[in-house]
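In what follows, a structure is listed as structure tokens, so that the remarks can point back to it.
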Amino acid sequence: MENILKLVTENQQMIYIVILMVFLGIEVIGRVPSVLHTPLMSGANAIHGVVIIGAIIVMGKASTDNYLALVLGFLAVVLGTLNVVGGFVVTDRMLEMFKKKK
Amino acid sequence: MENILKLVTENQQMIYIVILMVFLGIEVIGRVPSVLHTPLMSGANAIHGVVIIGAIIVMGKASTDNYLALVLGFLAVVLGTLNVVGGFVVTDRMLEMFKKKK
Amino acid sequence: MQLDILTIAYIIGSVTFILGLKMLSNPLAARKGNLIAAGGMTIAIFATIFLYQTEDGQGLHNYAWIFSGLIIGSIIGTLAAKKVKMTAMPEMVSMFNGMGGACAALISAVEFDHVYREFRLDSNSFAAVVPFGHYFTISAGAIIGGVSFAGSMIAWGKLNGRVKDFTFNGQHIVNLLVFGFIVVVAGLTYWSNTSVTNIWFLITILTALVYGVMFVLPIGGADMPVVISLLNSFTGVAAACGGFLYNNKVMLTGGILVGAAGTLLTILMCKAMNRSLMNVLVGSFGTKHTASGGPAKQAGNHKEITVTDAAMLMSYAKKVFIVPGYGLAVAQAQHTCHELEKLLEEKGVEVKYAIHPVAGRMPGHMNVLLAEADVSYDKLLEMENANDEFKSTDVVLILGANDVVNPAAKNDPSSPIYGMPILEVEQAKTVIVNKRSMKPGYAGIENDLFYQPKTSMLFGDAKAALQKLIAEIKNV
Amino acid sequence: MQLDILTIAYIIGSVTFILGLKMLSNPLAARKGNLIAAGGMTIAIFATIFLYQTEDGQGLHNYAWIFSGLIIGSIIGTLAAKKVKMTAMPEMVSMFNGMGGACAALISAVEFDHVYREFRLDSNSFAAVVPFGHYFTISAGAIIGGVSFAGSMIAWGKLNGRVKDFTFNGQHIVNLLVFGFIVVVAGLTYWSNTSVTNIWFLITILTALVYGVMFVLPIGGADMPVVISLLNSFTGVAAACGGFLYNNKVMLTGGILVGAAGTLLTILMCKAMNRSLMNVLVGSFGTKHTASGGPAKQAGNHKEITVTDAAMLMSYAKKVFIVPGYGLAVAQAQHTCHELEKLLEEKGVEVKYAIHPVAGRMPGHMNVLLAEADVSYDKLLEMENANDEFKSTDVVLILGANDVVNPAAKNDPSSPIYGMPILEVEQAKTVIVNKRSMKPGYAGIENDLFYQPKTSMLFGDAKAALQKLIAEIKNV
Ligand SMILES: NC(=O)c1ccc[n+]([C@@H]2O[C@H](COP(=O)([O-])OP(=O)(O)OC[C@H]3O[C@@H](n4cnc5c(N)ncnc54)[C@H](OP(=O)(O)O)[C@@H]3O)[C@@H](O)[C@H]2O)c1
Ligand SMILES: NC(=O)c1ccc[n+]([C@@H]2O[C@H](COP(=O)([O-])OP(=O)(O)OC[C@H]3O[C@@H](n4cnc5c(N)ncnc54)[C@H](OP(=O)(O)O)[C@@H]3O)[C@@H](O)[C@H]2O)c1
């Protein structure tokens, strides 16, 4: 129990950032019209592609003879890039169609 | 220049908290109806009364023979309390009137 | 352990502030939101008193001072807040805001004193020993808090009529100079010899107070709500400085939250009046026109109506709209007004109220006022809806409103209120205006409406006039 | 210096994500918002590549691997995203989401491998040397990422018809057991002897994949958009785990932002269908009823209409409403539909579209589809407005829609779609329904509308039927 409490103080700032981010995520979405649900979902999908940064770090730190790490890291980079690039492009295509309406 | 940059990294988490808080403040207010402007103003007014905590810390740390600090700190506590208590009570009174409408 | 619980208390505090503010911006949840924020504040305050530890692990002392301060503040605060009349709400808010600003400035002063005592003997300038960041937060807290305090006091004085508008040519340039002076003095405090550091700091605070006064003085009384909202966000930033100073997250988050929300609220208020913030701050809107306008400049003839005629007109109308304004609040005639409404309804007349968003002296003023008199909610129409209905209205009864029905806002591009949306009462068949004289309203400009053939004036204090009307209608 | 710039790049990244998401939820700014977020992402990625430093101050290496990965991913991603048909958008999103989940799981795996290599010889369990928090983030990232990956793949398969719904009794209990098993294995990984730690970890990941499959399998195909949105927020949380792992703020904020926003979006989507999230996940909505409903259970007689008669009816109507549905998208008949609309308008018929928010297979599907065919925006009426206008409509032409016009949603409390708002087409004078057979739509239930006296069926593929209609109308 005391350990958990200590974790709270040690990670105070992180906890704040997480809580504020959760609030922001909820506030920002607020009440979107259902028409925008799909592009919004796909845009959010592209944003969590930020996980690619973790893949780059893993890859960039792997020692050059650790083939397991290299291969897995490489795969992670490819998949993460797919998520990011594909996500943004697909969202843009969808929104392009929407814009025509006006 | 380099010093300022260093400050950014050192206070990274603080900077995040401030930025996120600014976003939240803006998001949360969003588009309020003008009818609520006054109570909202007064409610926000009560919240910044949180400065009272600083007054308590100052007061509680002042050495018992430093009369300048004691007097100023005491004044700060009184004024801060006025802000907090008065702010919340006045807001509540105002909102009570609003509620009757329904 | 103790500190960990304090951290959690602070997190709870921050979260309740966000939740509270969020709920405050929703009419249905507003009151609960206020209570939630108050609860979080209480937790944060008591956690600080009992759990706070200085770097060397000591708790706080001087409990007697602290608790007497808290008790005195609570008693005065509660009494003042409970006793204040509804119409004086904005003044009260301004006053409390000033207290918060003063509190922030005092904290900075004590903290400065603390640092100063520690270093004045060992070194020849603050710059040599105090990190710039630390000094900056102290100084910023003192300056912003001081400006907020002095400004709020002036705003308070203006709202209750104790302080008059005061302008001179080039005032804004002078203000800018004063502001520059503050920055210079704050720099001198940091870099000059410790023998005079304290004097420079004192000058910094004093000039901040002067600036606060000069900043608010030229702004018209009618714009005070906007100014108060702005000063509100200043105090928020000052509180956040305290948060940086003590690395205290609840002060930091609370302060920044109010700072950001207050700034946006200020802008929203300006938008509701169809003006820019710049225009409010620099435009000296209220003043100039009180000077140039005025009763001398009457544009035509107005006609009066007797109470008996007014009573007749209203009794036989199908639909009557009441337009309340600042005068109704001044005369405290809301209850009498509600009586008139009930009487007319008994006679089969349909009675509604047209509520302009900035009628009165604070946003939502008329809603609060009429709610106090138990007028039912669905009788109050917002501006847009009322404007749609005036065409089918027989009589519009204007009770102490002026600017909000001034057609110049629509027709006269040179008018200072041009562009503000108004209640278009001239679409109704007849308009009866109750006020005490032909004097202008807060914007200080003539109102053409009063001289139109449709319009007749019913002079007198709103409450007295309404009472007479009621008596007459009972006789019809 | 280098690290400071990296910090700033990350701050910029986080801010653009917030701004981007905010703008994405506003129709007018959405596209710009997407570009802004993409810009921030690019900055964050390249800053990481060139500026990142490990604790001992070294930069990254293996640039060749990194860049080839980036290039390969970009090319495939762009091609796939550009080539995919509009109707297959949700599948594509699901696929990309799965990639993100897999990426998060892989990172955790490599990180596990890293820690494992370091400690397997010195100690007898992870618990002895690795802080629990560190292991927890690794494990959570692997599990959540794995579930998200497997679930997204199944969702993808369901949407394009490769995977069929699959349910058995007590499935949800089995799923709960599997989930419990994951937790136990993850615990074993931490506390068991290092000789088997790696095996337990492998089992953890594998079970997570199994769980992802089993979680999505029983959920009906029509609910896939909701499931994808939920898995989307899972991937967000998995990315945030990576942020904790590397104390990387941009990953943390981006991940949490999407996690929170995605969860809310999921709930909003359920609300738009008037169902609870629980009902979607556990209700097995789609499946059960495909089983129980079906063509056998016809409730009465339907009547058919010839193309000639339909053409006549529509040519001489004053006002025609077109109700597009999933079938129109399948038949790719949007252009032909626009042609019909123009033809009728030339003949003086007023033509409008009634858009149901969940018509088709993704929210906004019909808007996208018709926009592709250049149908003008002001011809598209949202459900509420369309429902107001059906009364004054002569002919409603339903093109491949079914569930969104099923009156059971209003009348039959036992129906699985009961409570969903629908387009109330039966208020119009005549209803013409185009579909290929009497088969039910996605919810798998009978539609009473087809058997009503007002309704006549025009069987055939939407595109073919429309082409015939156009030809006939030209002859009228
Ligand atoms: N509500 C807000 O938030 C807010 C904020 C900032 C500015 N303002 C400004 O305040 C103004 C509000 O407009 P308004 O139409 O409500 O008020 P107004 O234009 O200020 O006019 C009030 C009128 O009431 C009359 N009056 C005063 N005491 C009276 C009494 N005892 N009995 C009867 N009549 C009395 C006055 O005329 P006599 O002296 O002849 O009686 C005066 O012309 C606008 O200019 C608005 O922009 C409002
Ligand atoms: N939009 C969303 O975001 C979303 C999300 C989740 C669930 N859903 C669900 O999806 C359903 C959408 O309703 P809906 O009315 O659009 O579609 P629907 O109820 O699925 O009905 C589509 C109809 O189109 C017909 N069809 C198929 N191919 C055709 C073709 N080539 N030409 C002509 N007709 C064709 C089918 O009948 P035949 O086989 O007889 O031709 C079918 O009955 C709802 O149940 C909704 O809850 C939607």
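Within each chain, counting starts at residue 1; across the structure tokens, chains are named A, B, ... in the order shown, with ligands numbered 1 upward in that order.
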Handout entry: Test item: residues lying within 8 Å of ligand 2 with only C-alpha atoms and all ligand atoms, as JSON, numbers by chain
Key = {"A": [37, 38], "D": [221, 222, 223, 224, 225, 226, 269, 273, 324, 325, 326, 327, 328, 329, 330, 331, 332, 356, 357, 358, 359, 360, 361, 362, 363, 364, 365, 399, 400, 401, 402, 403, 404, 405, 417, 434, 435, 436, 437, 438, 439, 440, 441, 442, 443, 444, 459, 460, 461, 462, 463]}
Would you kindly return, as a tab-separated table (two decimals) with C-alpha atoms, in the first residue's frame, each protein, DNA or RNA residue with an atom no farther than 8 Å from any atom of Phe50 in chain C, considering only C-alpha atoms and excluding same-chain residues fewer than 3 positions away?
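Just written: around-v7.tsv:
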chain	number	residue	atom	x	y	z
C	46	PHE	CA	-7.00	21.03	4.79
C	47	ALA	CA	-4.55	18.56	3.26
C	59	GLY	CA	5.32	20.42	9.03
C	60	LEU	CA	3.81	23.88	9.06
Practice task
Starting from chain A, keep only residues with some atom at most 7 Å from an atom of chain D, counting only C-alpha atoms, and report them as a ChimeraX atom specification.
Solution key: /A:18,21-22,25-26,28-29,32,34-38,40-45,47-51,53-56,58-61,69,72-74,76-83,85-90,92,95,97-98,100-102
Handout entry: Polymer residues at most 12 Å from Val196 in chain C, only C-alpha atoms, same-chain spacing of 4 or more positions, as a PyMOL selection string
Key = chain C and resi 116+120+124-126+185+188-192+200-203
Just N, CA, C and O atoms for this one: save the residues we selected as a PDB file, in the first residue's frame.
ATOM      1  N   TYR C 116      15.270  37.656   0.146  1.00  0.00           N
ATOM      2  CA  TYR C 116      16.073  38.853   0.383  1.00  0.00           C
ATOM      3  C   TYR C 116      16.848  38.724   1.699  1.00  0.00           C
ATOM      4  O   TYR C 116      18.048  38.981   1.762  1.00  0.00           O
ATOM      5  N   ARG C 120      20.847  39.053   1.246  1.00  0.00           N
ATOM      6  CA  ARG C 120      21.274  40.452   1.132  1.00  0.00           C
ATOM      7  C   ARG C 120      22.691  40.660   1.644  1.00  0.00           C
ATOM      8  O   ARG C 120      23.392  41.548   1.189  1.00  0.00           O
ATOM      9  N   ASN C 124      26.143  40.704  -3.993  1.00  0.00           N
ATOM     10  CA  ASN C 124      25.817  42.076  -4.337  1.00  0.00           C
ATOM     11  C   ASN C 124      24.658  42.247  -5.300  1.00  0.00           C
ATOM     12  O   ASN C 124      24.282  43.363  -5.614  1.00  0.00           O
ATOM     13  N   SER C 125      24.082  41.176  -5.774  1.00  0.00           N
ATOM     14  CA  SER C 125      22.825  41.338  -6.509  1.00  0.00           C
ATOM     15  C   SER C 125      22.051  40.011  -6.505  1.00  0.00           C
ATOM     16  O   SER C 125      22.642  38.943  -6.342  1.00  0.00           O
ATOM     17  N   PHE C 126      20.761  40.111  -6.667  1.00  0.00           N
ATOM     18  CA  PHE C 126      19.938  38.909  -6.770  1.00  0.00           C
ATOM     19  C   PHE C 126      20.424  38.022  -7.902  1.00  0.00           C
ATOM     20  O   PHE C 126      20.467  36.801  -7.774  1.00  0.00           O
ATOM     21  N   VAL C 185      11.729  48.331 -13.927  1.00  0.00           N
ATOM     22  CA  VAL C 185      11.972  48.278 -12.485  1.00  0.00           C
ATOM     23  C   VAL C 185      12.145  46.832 -12.017  1.00  0.00           C
ATOM     24  O   VAL C 185      13.007  46.537 -11.191  1.00  0.00           O
ATOM     25  N   LEU C 188      15.567  45.943 -12.778  1.00  0.00           N
ATOM     26  CA  LEU C 188      16.491  46.591 -11.835  1.00  0.00           C
ATOM     27  C   LEU C 188      16.521  45.818 -10.519  1.00  0.00           C
ATOM     28  O   LEU C 188      17.588  45.638  -9.919  1.00  0.00           O
ATOM     29  N   THR C 189      15.360  45.370 -10.085  1.00  0.00           N
ATOM     30  CA  THR C 189      15.311  44.626  -8.824  1.00  0.00           C
ATOM     31  C   THR C 189      16.253  43.442  -8.870  1.00  0.00           C
ATOM     32  O   THR C 189      16.960  43.147  -7.904  1.00  0.00           O
ATOM     33  N   TYR C 190      16.291  42.791 -10.001  1.00  0.00           N
ATOM     34  CA  TYR C 190      17.078  41.577 -10.115  1.00  0.00           C
ATOM     35  C   TYR C 190      18.562  41.876 -10.216  1.00  0.00           C
ATOM     36  O   TYR C 190      19.387  41.207  -9.623  1.00  0.00           O
ATOM     37  N   TRP C 191      18.895  42.904 -10.986  1.00  0.00           N
ATOM     38  CA  TRP C 191      20.302  43.102 -11.304  1.00  0.00           C
ATOM     39  C   TRP C 191      21.010  44.150 -10.439  1.00  0.00           C
ATOM     40  O   TRP C 191      22.216  44.244 -10.456  1.00  0.00           O
ATOM     41  N   SER C 192      20.241  44.960  -9.695  1.00  0.00           N
ATOM     42  CA  SER C 192      20.909  46.035  -8.950  1.00  0.00           C
ATOM     43  C   SER C 192      21.481  45.511  -7.636  1.00  0.00           C
ATOM     44  O   SER C 192      21.218  44.379  -7.226  1.00  0.00           O
ATOM     45  N   TRP C 200      13.555  48.717  -4.970  1.00  0.00           N
ATOM     46  CA  TRP C 200      13.074  48.503  -6.338  1.00  0.00           C
ATOM     47  C   TRP C 200      11.849  47.590  -6.352  1.00  0.00           C
ATOM     48  O   TRP C 200      10.909  47.803  -7.105  1.00  0.00           O
ATOM     49  N   PHE C 201      11.900  46.572  -5.502  1.00  0.00           N
ATOM     50  CA  PHE C 201      10.770  45.647  -5.487  1.00  0.00           C
ATOM     51  C   PHE C 201       9.494  46.353  -5.038  1.00  0.00           C
ATOM     52  O   PHE C 201       8.418  46.182  -5.621  1.00  0.00           O
ATOM     53  N   LEU C 202       9.644  47.197  -4.011  1.00  0.00           N
ATOM     54  CA  LEU C 202       8.502  47.961  -3.528  1.00  0.00           C
ATOM     55  C   LEU C 202       7.952  48.836  -4.654  1.00  0.00           C
ATOM     56  O   LEU C 202       6.734  48.923  -4.872  1.00  0.00           O
ATOM     57  N   ILE C 203       8.869  49.473  -5.385  1.00  0.00           N
ATOM     58  CA  ILE C 203       8.428  50.323  -6.506  1.00  0.00           C
ATOM     59  C   ILE C 203       7.705  49.474  -7.545  1.00  0.00           C
ATOM     60  O   ILE C 203       6.687  49.878  -8.102  1.00  0.00           O
TER      61      ILE C 203
END
Practice task
Determine the nearest neighbour of chain B from the options A:Ile17, A:Thr9, A:Arg31, A:Glu2, counting only C-alpha atoms.
Solution key: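 For chain B, the nearest of the given residues is A:Ile17.
Near chain B, counting only C-alpha atoms at 8 Å, the chain A residues are Gln13, Met14, Tyr16, Ile17, Leu20, Met21, Phe23, Leu24, Glu27 and Val28 of chain A.
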Handout entry: CA of Gly57 in chain C to CA of Ile4 in chain A, straight-line distance in Å
Key = 20.6 Å
Exercise for the section: Can you pull out every residue within 10 Å of Thr207 in chain C, counting only C-alpha atoms, but drop anything in the same chain fewer than 3 positions away, and send it as an MDAnalysis selection string? Expected result: chainID C and resid 143 146:147 178:179 181:183 185 201:204 210:213
Practice task
Just give me the gap between CA of Ile422 in chain D and CA of Ala409 in chain D in Å, one decimal is fine.
Solution key: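 Going from CA of Ile422 in chain D over to CA of Ala409 in chain D covers 7.0 Å.
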Practice task
Report as a count of residues only: the residues of chain B with a DSSP assignment of alpha helix (DSSP H), based on the backbone of this structure.
Solution key: 77
Exercise for the section: Figure out the distance between atom 16 (O, counted along the ligand's line) of ligand 1 and CA of Gln467 in chain C, please, to one decimal in Å. Expected result: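 Pair CA of Gln467 in chain C / atom 16 (O, counted along the ligand's line) of ligand 1 returns 20.7 Å.
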Exercise for the section: Skip Lys319 in chain C itself and residues of its chain fewer than 3 positions away, then list as number ranges by chain all residues within 10 Å of it, counting only C-alpha atoms. Expected result: C: 314-316, 344-345, 348-352, 389-390, 392-396, 428
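Residues with any atom within 8 Å of Cys337 in chain D, counting only C-alpha atoms and excluding same-chain neighbours fewer than 3 positions away, are Ala333, Gln334, Leu340, Glu341, Lys463 and Leu466 of chain D.
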